[in-house]
Amino acid sequence: MQWLMAAILVCVSSLLSSCTADINDNPVQPGQSEYKGVPLVILDTDIGSSADDLIAMEMLYRYADEGRCKLLGIVANRPGEANAVLIDVMNTYFGYGNLPVGVERNGIKNSTVFIDYKNLSNHKTDEGKLMFMRTISDYSKLPDGWQLYRQLLAAQPDHSVSICSTGFVTCLVQLLASKPDDISPLTGVELVRQKVKCLYMMAGIFSLSEEPDYNFLQDLTYAKQFFESWPREVDVVFSPMEVGNEIDYRPETVISDIDWTDIHPIKQVYMKYNCDTGQKMWDPMVVIQAVEGDAAFTLSGRGVVTLTEACGTIFTPKATGNDRYQIPGSKAWCDAMLEKIRNYTKMR
């Protein structure tokens with residue numbers, strides 16, 4: 001009998017030790033959730049200055065067409081209703097005219113515009129008709145970006161929404177600062193904590209960490225507020241500048257890839273405006289990861305990203321951190337990424 005009791009004690013001790021090891025060695029990681037459906041995506045874009053925003057948008061439409069994601073809405077984080085018009089043109093052209101649109105009305109003023117294509121919505125055919133249709137009749141009635149965020153997030157399953165941020169963090173900061181209202185009894189931080197699965201940001205520079213990030217540098221106050229307010233339980237994946245830098249979709253290649261028509265908003269931008277300004281395929285990187293997952297990228301381990309006073313981004317490894325970042329790929333990887341993007345641009 002004594003040997004039997006000893007054996008039982010050994011087994012119990014072993015089980016307890018195993019359970020303790022599991023708890024200590026495999027902590028619940030930030031961002032883990034039960035949602036298993038197709039990615040639910042909100043795009044937050046500084047449209048109206050860079051052509052890679054348009055390529056990223058087109059890829060999301062194509063992914064949605066293929067059933068690989070559900071596009072919930074698009075937020076313009078560059079101030080002005082003219083940027084909502086550009087989103088409306090793109091949405092309507094690609095068959096998503098009823099997609100909700102949010103406007104930034106109180107954000108960063110007088111930011112640099114690298115490619116000024118705001119007149120795209122007024123392009124006309126040889127017959128003098130507007131080249132591109134629109135769906136929205138009154139842009140003044142569109143919600144502010146942070147309000148649209150609240151509407152969209154409140155309606156989704158818990159831990160299900162992927163946000164693709166390509167530009168300024170103004171609308172995100174305004175969302176985080178928002179109070180309970182008739183849309184949701186939750187604060188903005190609580191809504192993000194409950195509904196967002198991951199934020200994919202085209203932001204940061206990690207190979208030269210002291211170099212300032214352009215988007216954060218536009219307004220240090222907003223940038224600081226983002227880093228202070230974003231809930232640490234929700235994952236953030238940064239796509240730093242150096243990843244997209246080596247993916248150069250040349251203007252002449254874009255134009256030749258859309259060879260079946262000139263009545264195409266992206267082709268018109270590349271035909272009529274100077275897109276040879278050093279623009280690379282930065283923004284599509286967050287879209288690709290949000291929809292296709294992590295497998296296509298080499299990622300850092302987990303850690304915490306902090307912002308310097310000069311808007312540099314510093315990554316500190318930490319096993320329980322919620323931040324990761326994409327690591328630049330080889331030439332072969334960059335070529336494959338460019339080919340992926342081109343395949344979607346070539347679709348009729």
# chains A, B, ... in the order shown; residues from 1 in each chain; ligands from 1

call {"tool": "residues_around", "arguments": {"residues": "Asp323 (chain A)", "least_positions_apart": "4", "cutoff": "6 Å", "atoms": "only C-alpha atoms", "output": "ChimeraX atom specification"}}
result
/A:235-237,302-304

call {"tool": "residues_around", "arguments": {"residues": "Cys311 (chain A)", "least_positions_apart": "4", "cutoff": "10 Å", "atoms": "only C-alpha atoms", "output": "list of chain:residue names"}}
result
A:Gly204, A:Ile205, A:Ser209, A:Glu210, A:Glu211, A:Pro212, A:Asp213, A:Tyr214, A:Asn215, A:Phe216, A:Leu217, A:Gln218, A:Asp219, A:Leu220, A:Ala223, A:Lys224, A:Thr306, A:Leu307

call {"tool": "closest_atom_pairs", "arguments": {"of": "region 106-209 of chain A", "to": "region 87-98 of chain A", "cutoff": "7 Å", "atoms": "only C-alpha atoms", "output": "tab-separated table"}}
result
residue	atom	partner	partner_atom	distance
A:Ser121	CA	A:Val89	CA	6.5
A:Phe132	CA	A:Val89	CA	6.3
A:Met133	CA	A:Val89	CA	6.4
A:Arg134	CA	A:Val89	CA	5.4
A:Thr135	CA	A:Gly97	CA	5.5
A:Ile136	CA	A:Asp88	CA	6.8

call {"tool": "select_by_dssp", "arguments": {"residues": "region 46-137 of chain A", "states": "helix (DSSP H, G or I)", "output": "ChimeraX atom specification"}}
result
/A:52-65,81-93,118-122

call {"tool": "residues_around", "arguments": {"residues": "Asp53 (chain A)", "least_positions_apart": "5", "cutoff": "7 Å", "atoms": "only C-alpha atoms", "output": "mmCIF file with N, CA, C and O atoms, in the first residue's frame"}}
result
data_model
loop_
_atom_site.group_PDB
_atom_site.id
_atom_site.type_symbol
_atom_site.label_atom_id
_atom_site.label_comp_id
_atom_site.auth_asym_id
_atom_site.auth_seq_id
_atom_site.Cartn_x
_atom_site.Cartn_y
_atom_site.Cartn_z
ATOM 1 N N THR A 45 -6.346 55.841 -43.829
ATOM 2 C CA THR A 45 -5.385 56.230 -44.854
ATOM 3 C C THR A 45 -5.224 57.735 -44.985
ATOM 4 O O THR A 45 -6.189 58.493 -44.847
ATOM 5 N N ILE A 47 -4.820 59.320 -47.704
ATOM 6 C CA ILE A 47 -5.018 59.444 -49.142
ATOM 7 C C ILE A 47 -4.881 60.908 -49.563
ATOM 8 O O ILE A 47 -5.157 61.823 -48.800
ATOM 9 N N ASP A 283 2.667 51.219 -48.119
ATOM 10 C CA ASP A 283 1.340 50.955 -47.556
ATOM 11 C C ASP A 283 0.790 49.561 -47.852
ATOM 12 O O ASP A 283 0.105 48.982 -46.997
#

call {"tool": "select_by_dssp", "arguments": {"residues": "region 31-277 of chain A", "states": "strand (DSSP E)", "output": "MDAnalysis selection string"}}
result
chainID A and resid 40:45 70:76 101:102 161:166 196:201 235:238

call {"tool": "closest_residue", "arguments": {"among": "A:Gln147, A:Lys118, A:Lys141, A:Lys195", "to": "Glu34 (chain A)", "atoms": "only C-alpha atoms"}}
result
A:Lys195

call {"tool": "closest_residue", "arguments": {"among": "A:Ile288, A:Leu338, A:Asp262, A:Ser140", "to": "Pro39 (chain A)", "atoms": "only C-alpha atoms"}}
result
A:Ile288

call {"tool": "closest_atom_pairs", "arguments": {"of": "region 32-90 of chain A", "to": "region 242-252 of chain A", "cutoff": "10 Å", "atoms": "only C-alpha atoms", "output": "tab-separated table"}}
result
residue	atom	partner	partner_atom	distance
A:Ala51	CA	A:Pro251	CA	9.7
A:Asp52	CA	A:Tyr249	CA	9.0
A:Ile55	CA	A:Tyr249	CA	9.9

call {"tool": "write_last_selection", "arguments": {"atoms": "N, CA, C and O atoms", "output": "PDB file, in the first residue's frame"}}
result
ATOM      1  N   ALA A  51       0.876  57.735 -53.831  1.00  0.00           N
ATOM      2  CA  ALA A  51       0.184  56.809 -54.712  1.00  0.00           C
ATOM      3  C   ALA A  51       0.088  55.412 -54.130  1.00  0.00           C
ATOM      4  O   ALA A  51      -0.777  54.628 -54.538  1.00  0.00           O
ATOM      5  N   ASP A  52       0.960  55.067 -53.169  1.00  0.00           N
ATOM      6  CA  ASP A  52       0.898  53.714 -52.616  1.00  0.00           C
ATOM      7  C   ASP A  52      -0.371  53.491 -51.819  1.00  0.00           C
ATOM      8  O   ASP A  52      -0.817  52.350 -51.653  1.00  0.00           O
ATOM      9  N   ILE A  55      -2.805  51.954 -54.256  1.00  0.00           N
ATOM     10  CA  ILE A  55      -2.497  50.549 -54.525  1.00  0.00           C
ATOM     11  C   ILE A  55      -2.977  49.683 -53.366  1.00  0.00           C
ATOM     12  O   ILE A  55      -3.553  48.607 -53.567  1.00  0.00           O
TER      13      ILE A  55
END

call {"tool": "residues_around", "arguments": {"residues": "Leu199 (chain A)", "least_positions_apart": "3", "cutoff": "9 Å", "atoms": "only C-alpha atoms", "output": "VMD selection string"}}
result
chain A and resid 161 to 165 196 234 to 238 290

call {"tool": "atom_distance", "arguments": {"atom1": "CA of Gly293 (chain A)", "atom2": "CA of Thr313 (chain A)"}}
result
23.7 Å

call {"tool": "atom_distance", "arguments": {"atom1": "CA of Ile74 (chain A)", "atom2": "CA of Leu148 (chain A)"}}
result
8.8 Å

call {"tool": "residues_around", "arguments": {"residues": "Lys340 (chain A)", "least_positions_apart": "6", "cutoff": "12 Å", "atoms": "only C-alpha atoms", "output": "NGL selection string"}}
result
:A and (55-56 or 59 or 62-63 or 247 or 249 or 281 or 284-285 or 288 or 292 or 296 or 333-334 or 346-347)

call {"tool": "atom_distance", "arguments": {"atom1": "CA of Asp44 (chain A)", "atom2": "CA of Val75 (chain A)"}}
result
4.6 Å

call {"tool": "closest_residue", "arguments": {"among": "A:Asn77, A:Lys109, A:Ile183, A:Asp116", "to": "Tyr273 (chain A)", "atoms": "only C-alpha atoms"}}
result
A:Asp116

call {"tool": "closest_residue", "arguments": {"among": "A:Asp276, A:Asp46, A:Asp257, A:Glu190", "to": "Pro231 (chain A)", "atoms": "only C-alpha atoms"}}
result
A:Glu190
